[in-house]
Amino acid sequence: ELRIETGELSLHVVRRGAAPSAAPAPAREESGDVIPSPMLGTFYRAPAPGDAPFVAVGSTVEPDTIVCIIEVMKMMTSVHAGIAGTIVEVCVANGEPVEYGAPLFRVEL
């Protein structure tokens with residue numbers, strides 16, 4: 001696994017068969033905890049077009065709850081909450097690109 005970050009460029013490469021690293025720990029902020037993007041890619045709230053979102057504002061999540069998927073080069077990666085609480089804000093619009101570490105959801109404990 002290789003991760004390079006310089007200025008505006010962020011690159012994360014994982015060799016096939018290698019286990020992916022754990023997602024970054026949620027960042028602590030004044031107005032609640034944030035579920036950050038574990039990678040660069042396209043953010044999707046639902047498993048497929050037309051399906052209900054994984055979570056919405058008011059949803060209760062546990063650390064293992066899938067909250068969204070991020071697509072990179074046609075590979076979909078499930079993103080887990082990593083913390084327990086209630087979703088109070090969706091920070092990214094469906095289908096929008098996200099950077100590594102960008103806030104995806106704000107969670108109230």
# chains A, B, ... in the order shown; residues from 1 in each chain; ligands from 1
$ residues_around --residues "A:Val13" --least-positions-apart "5" --cutoff "10 Å" --atoms "only C-alpha atoms" --output "list in words"
Glu1, Leu2, Arg3, Ile4 and Pro20 of chain A
$ write_last_selection --atoms "N, CA, C and O atoms" --output "tab-separated table (two decimals), in the first residue's frame"
chain	number	residue	atom	x	y	z
A	1	GLU	N	0.86	-1.17	0.00
A	1	GLU	CA	0.00	0.00	0.00
A	1	GLU	C	0.90	1.23	0.00
A	1	GLU	O	1.91	1.27	0.68
A	2	LEU	N	0.49	2.23	-0.79
A	2	LEU	CA	1.26	3.46	-0.90
A	2	LEU	C	0.31	4.65	-0.87
A	2	LEU	O	-0.71	4.65	-1.55
A	3	ARG	N	0.64	5.65	-0.07
A	3	ARG	CA	-0.16	6.87	0.02
A	3	ARG	C	0.79	8.06	-0.12
A	3	ARG	O	1.75	8.18	0.63
A	4	ILE	N	0.51	8.94	-1.10
A	4	ILE	CA	1.31	10.13	-1.33
A	4	ILE	C	0.38	11.33	-1.34
A	4	ILE	O	-0.64	11.32	-2.01
A	20	PRO	N	-7.04	-3.63	2.68
A	20	PRO	CA	-7.02	-2.17	2.77
A	20	PRO	C	-6.78	-1.73	4.21
A	20	PRO	O	-7.16	-2.41	5.15
$ closest_residue --among "A:Thr42, A:Ser78, A:Ser37, A:Thr86" --to "A:Ile66" --atoms "only C-alpha atoms"
A:Ser78
$ atom_distance --atom1 "atom CA of A:Met75" --atom2 "atom CA of A:Phe54"
17.9 Å
$ residues_around --residues "A:Val88" --least-positions-apart "2" --cutoff "8 Å" --atoms "only C-alpha atoms" --output "PyMOL selection string"
chain A and resi 57-58+86+90+105-108
$ residues_around --residues "A:Pro63" --least-positions-apart "2" --cutoff "12 Å" --atoms "only C-alpha atoms" --output "JSON, numbers by chain"
{"A": [23, 25, 26, 35, 60, 61, 65, 66, 67, 79, 80, 81, 82, 83, 84, 85, 86, 107, 109]}
$ write_last_selection --atoms "C-alpha atoms" --output "mmCIF file, in the first residue's frame"
data_model
loop_
_atom_site.group_PDB
_atom_site.id
_atom_site.type_symbol
_atom_site.label_atom_id
_atom_site.label_comp_id
_atom_site.auth_asym_id
_atom_site.auth_seq_id
_atom_site.Cartn_x
_atom_site.Cartn_y
_atom_site.Cartn_z
ATOM 1 C CA ALA A 23 -10.296 4.311 7.498
ATOM 2 C CA ALA A 25 -10.450 8.074 12.653
ATOM 3 C CA PRO A 26 -13.304 10.586 12.704
ATOM 4 C CA ILE A 35 -16.997 10.968 9.220
ATOM 5 C CA THR A 60 -28.644 6.409 14.056
ATOM 6 C CA VAL A 61 -25.303 4.835 13.145
ATOM 7 C CA THR A 65 -22.866 0.967 9.745
ATOM 8 C CA ILE A 66 -22.270 1.561 6.023
ATOM 9 C CA VAL A 67 -22.978 5.253 5.404
ATOM 10 C CA VAL A 79 -17.510 3.537 3.931
ATOM 11 C CA HIS A 80 -18.327 2.657 7.545
ATOM 12 C CA ALA A 81 -19.302 5.275 10.129
ATOM 13 C CA GLY A 82 -16.473 4.389 12.502
ATOM 14 C CA ILE A 83 -18.408 6.000 15.392
ATOM 15 C CA ALA A 84 -21.802 5.694 17.055
ATOM 16 C CA GLY A 85 -24.259 8.580 16.994
ATOM 17 C CA THR A 86 -26.895 10.367 14.939
ATOM 18 C CA VAL A 107 -22.451 13.054 13.622
ATOM 19 C CA LEU A 109 -22.768 11.599 19.776
#
$ residues_around --residues "A:Ile69" --least-positions-apart "4" --cutoff "7 Å" --atoms "only C-alpha atoms" --output "number ranges by chain"
A: 43-45, 76-79
$ write_last_selection --atoms "all heavy atoms" --output "JSON list (two decimals), in the first residue's frame"
[["chain", "number", "residue", "atom", "x", "y", "z"],
["A", 43, "PHE", "N", -18.53, 10.30, -4.42],
["A", 43, "PHE", "CA", -19.38, 9.98, -3.28],
["A", 43, "PHE", "C", -20.77, 9.59, -3.76],
["A", 43, "PHE", "O", -21.37, 10.30, -4.57],
["A", 43, "PHE", "CB", -19.46, 11.23, -2.39],
["A", 43, "PHE", "CG", -20.48, 11.17, -1.30],
["A", 43, "PHE", "CD1", -20.19, 10.58, -0.09],
["A", 43, "PHE", "CD2", -21.74, 11.76, -1.46],
["A", 43, "PHE", "CE1", -21.12, 10.56, 0.94],
["A", 43, "PHE", "CE2", -22.67, 11.75, -0.44],
["A", 43, "PHE", "CZ", -22.36, 11.14, 0.76],
["A", 44, "TYR", "N", -21.28, 8.46, -3.26],
["A", 44, "TYR", "CA", -22.65, 8.04, -3.55],
["A", 44, "TYR", "C", -23.35, 7.69, -2.25],
["A", 44, "TYR", "O", -22.82, 6.93, -1.43],
["A", 44, "TYR", "CB", -22.68, 6.83, -4.50],
["A", 44, "TYR", "CG", -22.18, 7.17, -5.88],
["A", 44, "TYR", "CD1", -20.93, 6.73, -6.31],
["A", 44, "TYR", "CD2", -22.94, 7.94, -6.75],
["A", 44, "TYR", "CE1", -20.46, 7.04, -7.57],
["A", 44, "TYR", "CE2", -22.47, 8.26, -8.02],
["A", 44, "TYR", "CZ", -21.24, 7.80, -8.42],
["A", 44, "TYR", "OH", -20.77, 8.13, -9.67],
["A", 45, "ARG", "N", -24.55, 8.22, -2.06],
["A", 45, "ARG", "CA", -25.32, 8.00, -0.83],
["A", 45, "ARG", "C", -26.06, 6.67, -0.83],
["A", 45, "ARG", "O", -26.46, 6.19, 0.23],
["A", 45, "ARG", "CB", -26.33, 9.12, -0.63],
["A", 45, "ARG", "CG", -25.65, 10.45, -0.33],
["A", 45, "ARG", "CD", -26.64, 11.49, 0.06],
["A", 45, "ARG", "NE", -27.34, 11.09, 1.28],
["A", 45, "ARG", "CZ", -28.45, 11.65, 1.70],
["A", 45, "ARG", "NH1", -29.01, 12.63, 1.02],
["A", 45, "ARG", "NH2", -29.02, 11.24, 2.81],
["A", 76, "MET", "N", -16.18, 0.17, -6.34],
["A", 76, "MET", "CA", -16.98, 0.75, -5.27],
["A", 76, "MET", "C", -16.45, 0.29, -3.91],
["A", 76, "MET", "O", -16.24, -0.90, -3.69],
["A", 76, "MET", "CB", -18.44, 0.33, -5.40],
["A", 76, "MET", "CG", -19.06, 0.69, -6.73],
["A", 76, "MET", "SD", -19.14, 2.45, -6.94],
["A", 76, "MET", "CE", -19.91, 2.55, -8.54],
["A", 77, "THR", "N", -16.24, 1.24, -2.99],
["A", 77, "THR", "CA", -15.76, 0.93, -1.66],
["A", 77, "THR", "C", -16.78, 1.42, -0.63],
["A", 77, "THR", "O", -17.15, 2.60, -0.64],
["A", 77, "THR", "CB", -14.40, 1.63, -1.40],
["A", 77, "THR", "OG1", -13.47, 1.19, -2.39],
["A", 77, "THR", "CG2", -13.88, 1.32, -0.01],
["A", 78, "SER", "N", -17.24, 0.53, 0.22],
["A", 78, "SER", "CA", -18.17, 0.90, 1.28],
["A", 78, "SER", "C", -17.43, 1.68, 2.36],
["A", 78, "SER", "O", -16.31, 1.33, 2.73],
["A", 78, "SER", "CB", -18.78, -0.35, 1.92],
["A", 78, "SER", "OG", -19.51, -1.08, 0.97],
["A", 79, "VAL", "N", -18.09, 2.73, 2.86],
["A", 79, "VAL", "CA", -17.51, 3.54, 3.93],
["A", 79, "VAL", "C", -18.34, 3.29, 5.19],
["A", 79, "VAL", "O", -19.56, 3.45, 5.17],
["A", 79, "VAL", "CB", -17.52, 5.04, 3.57],
["A", 79, "VAL", "CG1", -16.99, 5.87, 4.74],
["A", 79, "VAL", "CG2", -16.70, 5.29, 2.31]]
$ select_by_dssp --residues "chain A" --states "strand (DSSP E)" --output "ChimeraX atom specification"
/A:2-6,9-13,27-29,32-36,41-44,60-61,66-72,75-80,85-90,97-98,103-108
$ closest_residue --among "A:Pro38, A:Gly7, A:Asp33, A:Val14" --to "A:Gly101" --atoms "only C-alpha atoms"
A:Pro38
$ atom_distance --atom1 "atom CA of A:Glu89" --atom2 "atom CA of A:Ile70"
17.8 Å
$ closest_residue --among "A:Pro49, A:Glu62, A:Lys74, A:Ser10" --to "A:Ile87" --atoms "only C-alpha atoms"
A:Glu62
$ residues_around --residues "A:Leu40" --least-positions-apart "3" --cutoff "7 Å" --atoms "only C-alpha atoms" --output "PyMOL selection string"
chain A and resi 98-100
$ write_last_selection --atoms "N, CA, C and O atoms" --output "CSV table (one decimal), in the first residue's frame"
chain,number,residue,atom,x,y,z
A,98,VAL,N,-14.9,13.7,-4.0
A,98,VAL,CA,-14.4,14.0,-2.6
A,98,VAL,C,-12.9,13.8,-2.6
A,98,VAL,O,-12.4,12.9,-3.3
A,99,GLU,N,-12.3,14.5,-1.7
A,99,GLU,CA,-10.8,14.3,-1.5
A,99,GLU,C,-10.6,13.4,-0.2
A,99,GLU,O,-11.5,13.3,0.6
A,100,TYR,N,-9.5,12.9,-0.1
A,100,TYR,CA,-9.1,12.1,1.1
A,100,TYR,C,-9.3,13.1,2.3
A,100,TYR,O,-8.8,14.2,2.3
$ atom_distance --atom1 "atom CA of A:His12" --atom2 "atom CA of A:Pro53"
26.4 Å
$ closest_residue --among "A:Ser59, A:Arg15, A:Glu71, A:Gly50" --to "A:Glu96" --atoms "only C-alpha atoms"
A:Glu71
$ decode --residues "stretch 73-88 of chain A" --atoms "all heavy atoms" --output "PDB file, in the first residue's frame"
ATOM      1  N   MET A  73     -12.330   4.650 -10.153  1.00  0.00           N
ATOM      2  CA  MET A  73     -12.050   3.833 -11.348  1.00  0.00           C
ATOM      3  C   MET A  73     -12.962   2.613 -11.433  1.00  0.00           C
ATOM      4  O   MET A  73     -12.513   1.495 -11.643  1.00  0.00           O
ATOM      5  CB  MET A  73     -10.580   3.434 -11.369  1.00  0.00           C
ATOM      6  CG  MET A  73      -9.657   4.639 -11.471  1.00  0.00           C
ATOM      7  SD  MET A  73      -7.908   4.236 -11.435  1.00  0.00           S
ATOM      8  CE  MET A  73      -7.764   3.234 -12.900  1.00  0.00           C
ATOM      9  N   LYS A  74     -14.253   2.832 -11.259  1.00  0.00           N
ATOM     10  CA  LYS A  74     -15.305   1.799 -11.363  1.00  0.00           C
ATOM     11  C   LYS A  74     -15.253   0.759 -10.243  1.00  0.00           C
ATOM     12  O   LYS A  74     -15.930  -0.248 -10.308  1.00  0.00           O
ATOM     13  CB  LYS A  74     -15.265   1.089 -12.729  1.00  0.00           C
ATOM     14  CG  LYS A  74     -15.395   2.024 -13.899  1.00  0.00           C
ATOM     15  CD  LYS A  74     -16.708   2.744 -13.876  1.00  0.00           C
ATOM     16  CE  LYS A  74     -16.817   3.694 -15.052  1.00  0.00           C
ATOM     17  NZ  LYS A  74     -17.880   4.636 -14.919  1.00  0.00           N
ATOM     18  N   MET A  75     -14.467   1.004  -9.198  1.00  0.00           N
ATOM     19  CA  MET A  75     -14.450   0.115  -8.035  1.00  0.00           C
ATOM     20  C   MET A  75     -15.164   0.827  -6.899  1.00  0.00           C
ATOM     21  O   MET A  75     -14.824   1.952  -6.543  1.00  0.00           O
ATOM     22  CB  MET A  75     -13.021  -0.239  -7.637  1.00  0.00           C
ATOM     23  CG  MET A  75     -12.354  -1.072  -8.701  1.00  0.00           C
ATOM     24  SD  MET A  75     -10.906  -1.962  -8.149  1.00  0.00           S
ATOM     25  CE  MET A  75     -11.464  -2.811  -6.737  1.00  0.00           C
ATOM     26  N   MET A  76     -16.184   0.175  -6.335  1.00  0.00           N
ATOM     27  CA  MET A  76     -16.981   0.754  -5.267  1.00  0.00           C
ATOM     28  C   MET A  76     -16.448   0.291  -3.912  1.00  0.00           C
ATOM     29  O   MET A  76     -16.242  -0.901  -3.692  1.00  0.00           O
ATOM     30  CB  MET A  76     -18.443   0.333  -5.397  1.00  0.00           C
ATOM     31  CG  MET A  76     -19.060   0.687  -6.726  1.00  0.00           C
ATOM     32  SD  MET A  76     -19.142   2.450  -6.943  1.00  0.00           S
ATOM     33  CE  MET A  76     -19.915   2.548  -8.539  1.00  0.00           C
ATOM     34  N   THR A  77     -16.244   1.240  -2.994  1.00  0.00           N
ATOM     35  CA  THR A  77     -15.756   0.931  -1.658  1.00  0.00           C
ATOM     36  C   THR A  77     -16.777   1.418  -0.633  1.00  0.00           C
ATOM     37  O   THR A  77     -17.151   2.598  -0.639  1.00  0.00           O
ATOM     38  CB  THR A  77     -14.401   1.628  -1.403  1.00  0.00           C
ATOM     39  OG1 THR A  77     -13.474   1.189  -2.388  1.00  0.00           O
ATOM     40  CG2 THR A  77     -13.882   1.319  -0.012  1.00  0.00           C
ATOM     41  N   SER A  78     -17.236   0.529   0.220  1.00  0.00           N
ATOM     42  CA  SER A  78     -18.170   0.898   1.281  1.00  0.00           C
ATOM     43  C   SER A  78     -17.430   1.677   2.355  1.00  0.00           C
ATOM     44  O   SER A  78     -16.314   1.328   2.732  1.00  0.00           O
ATOM     45  CB  SER A  78     -18.781  -0.350   1.925  1.00  0.00           C
ATOM     46  OG  SER A  78     -19.506  -1.079   0.970  1.00  0.00           O
ATOM     47  N   VAL A  79     -18.088   2.728   2.860  1.00  0.00           N
ATOM     48  CA  VAL A  79     -17.510   3.537   3.931  1.00  0.00           C
ATOM     49  C   VAL A  79     -18.336   3.294   5.190  1.00  0.00           C
ATOM     50  O   VAL A  79     -19.558   3.445   5.172  1.00  0.00           O
ATOM     51  CB  VAL A  79     -17.520   5.041   3.572  1.00  0.00           C
ATOM     52  CG1 VAL A  79     -16.995   5.871   4.736  1.00  0.00           C
ATOM     53  CG2 VAL A  79     -16.704   5.291   2.313  1.00  0.00           C
ATOM     54  N   HIS A  80     -17.673   2.899   6.266  1.00  0.00           N
ATOM     55  CA  HIS A  80     -18.327   2.657   7.545  1.00  0.00           C
ATOM     56  C   HIS A  80     -18.251   3.910   8.407  1.00  0.00           C
ATOM     57  O   HIS A  80     -17.306   4.691   8.300  1.00  0.00           O
ATOM     58  CB  HIS A  80     -17.672   1.474   8.262  1.00  0.00           C
ATOM     59  CG  HIS A  80     -17.823   0.198   7.514  1.00  0.00           C
ATOM     60  ND1 HIS A  80     -18.848  -0.684   7.760  1.00  0.00           N
ATOM     61  CD2 HIS A  80     -17.115  -0.336   6.496  1.00  0.00           C
ATOM     62  CE1 HIS A  80     -18.751  -1.715   6.941  1.00  0.00           C
ATOM     63  NE2 HIS A  80     -17.698  -1.526   6.155  1.00  0.00           N
ATOM     64  N   ALA A  81     -19.234   4.080   9.283  1.00  0.00           N
ATOM     65  CA  ALA A  81     -19.302   5.275  10.129  1.00  0.00           C
ATOM     66  C   ALA A  81     -18.060   5.411  11.010  1.00  0.00           C
ATOM     67  O   ALA A  81     -17.526   6.495  11.174  1.00  0.00           O
ATOM     68  CB  ALA A  81     -20.562   5.253  10.986  1.00  0.00           C
ATOM     69  N   GLY A  82     -17.632   4.329  11.620  1.00  0.00           N
ATOM     70  CA  GLY A  82     -16.473   4.389  12.502  1.00  0.00           C
ATOM     71  C   GLY A  82     -16.786   4.920  13.892  1.00  0.00           C
ATOM     72  O   GLY A  82     -15.947   4.841  14.780  1.00  0.00           O
ATOM     73  N   ILE A  83     -17.981   5.476  14.093  1.00  0.00           N
ATOM     74  CA  ILE A  83     -18.408   6.000  15.392  1.00  0.00           C
ATOM     75  C   ILE A  83     -19.902   5.759  15.548  1.00  0.00           C
ATOM     76  O   ILE A  83     -20.607   5.505  14.572  1.00  0.00           O
ATOM     77  CB  ILE A  83     -18.128   7.517  15.541  1.00  0.00           C
ATOM     78  CG1 ILE A  83     -18.752   8.298  14.390  1.00  0.00           C
ATOM     79  CG2 ILE A  83     -16.665   7.802  15.654  1.00  0.00           C
ATOM     80  CD1 ILE A  83     -18.623   9.799  14.542  1.00  0.00           C
ATOM     81  N   ALA A  84     -20.366   5.838  16.778  1.00  0.00           N
ATOM     82  CA  ALA A  84     -21.802   5.694  17.055  1.00  0.00           C
ATOM     83  C   ALA A  84     -22.390   7.070  17.295  1.00  0.00           C
ATOM     84  O   ALA A  84     -21.754   7.934  17.910  1.00  0.00           O
ATOM     85  CB  ALA A  84     -22.016   4.805  18.277  1.00  0.00           C
ATOM     86  N   GLY A  85     -23.596   7.299  16.794  1.00  0.00           N
ATOM     87  CA  GLY A  85     -24.259   8.580  16.994  1.00  0.00           C
ATOM     88  C   GLY A  85     -25.406   8.754  16.027  1.00  0.00           C
ATOM     89  O   GLY A  85     -25.908   7.800  15.445  1.00  0.00           O
ATOM     90  N   THR A  86     -25.794  10.022  15.830  1.00  0.00           N
ATOM     91  CA  THR A  86     -26.895  10.367  14.939  1.00  0.00           C
ATOM     92  C   THR A  86     -26.391  11.303  13.855  1.00  0.00           C
ATOM     93  O   THR A  86     -25.709  12.288  14.155  1.00  0.00           O
ATOM     94  CB  THR A  86     -28.033  11.061  15.723  1.00  0.00           C
ATOM     95  OG1 THR A  86     -28.456  10.185  16.773  1.00  0.00           O
ATOM     96  CG2 THR A  86     -29.211  11.386  14.836  1.00  0.00           C
ATOM     97  N   ILE A  87     -26.717  11.011  12.606  1.00  0.00           N
ATOM     98  CA  ILE A  87     -26.326  11.868  11.487  1.00  0.00           C
ATOM     99  C   ILE A  87     -27.072  13.195  11.611  1.00  0.00           C
ATOM    100  O   ILE A  87     -28.301  13.209  11.684  1.00  0.00           O
ATOM    101  CB  ILE A  87     -26.652  11.217  10.128  1.00  0.00           C
ATOM    102  CG1 ILE A  87     -25.961   9.860   9.958  1.00  0.00           C
ATOM    103  CG2 ILE A  87     -26.335  12.165   8.968  1.00  0.00           C
ATOM    104  CD1 ILE A  87     -24.474   9.917   9.778  1.00  0.00           C
ATOM    105  N   VAL A  88     -26.329  14.316  11.647  1.00  0.00           N
ATOM    106  CA  VAL A  88     -26.965  15.633  11.743  1.00  0.00           C
ATOM    107  C   VAL A  88     -26.751  16.460  10.482  1.00  0.00           C
ATOM    108  O   VAL A  88     -27.423  17.474  10.291  1.00  0.00           O
ATOM    109  CB  VAL A  88     -26.492  16.420  12.987  1.00  0.00           C
ATOM    110  CG1 VAL A  88     -26.967  15.745  14.260  1.00  0.00           C
ATOM    111  CG2 VAL A  88     -24.991  16.605  12.991  1.00  0.00           C
TER     112      VAL A  88
END
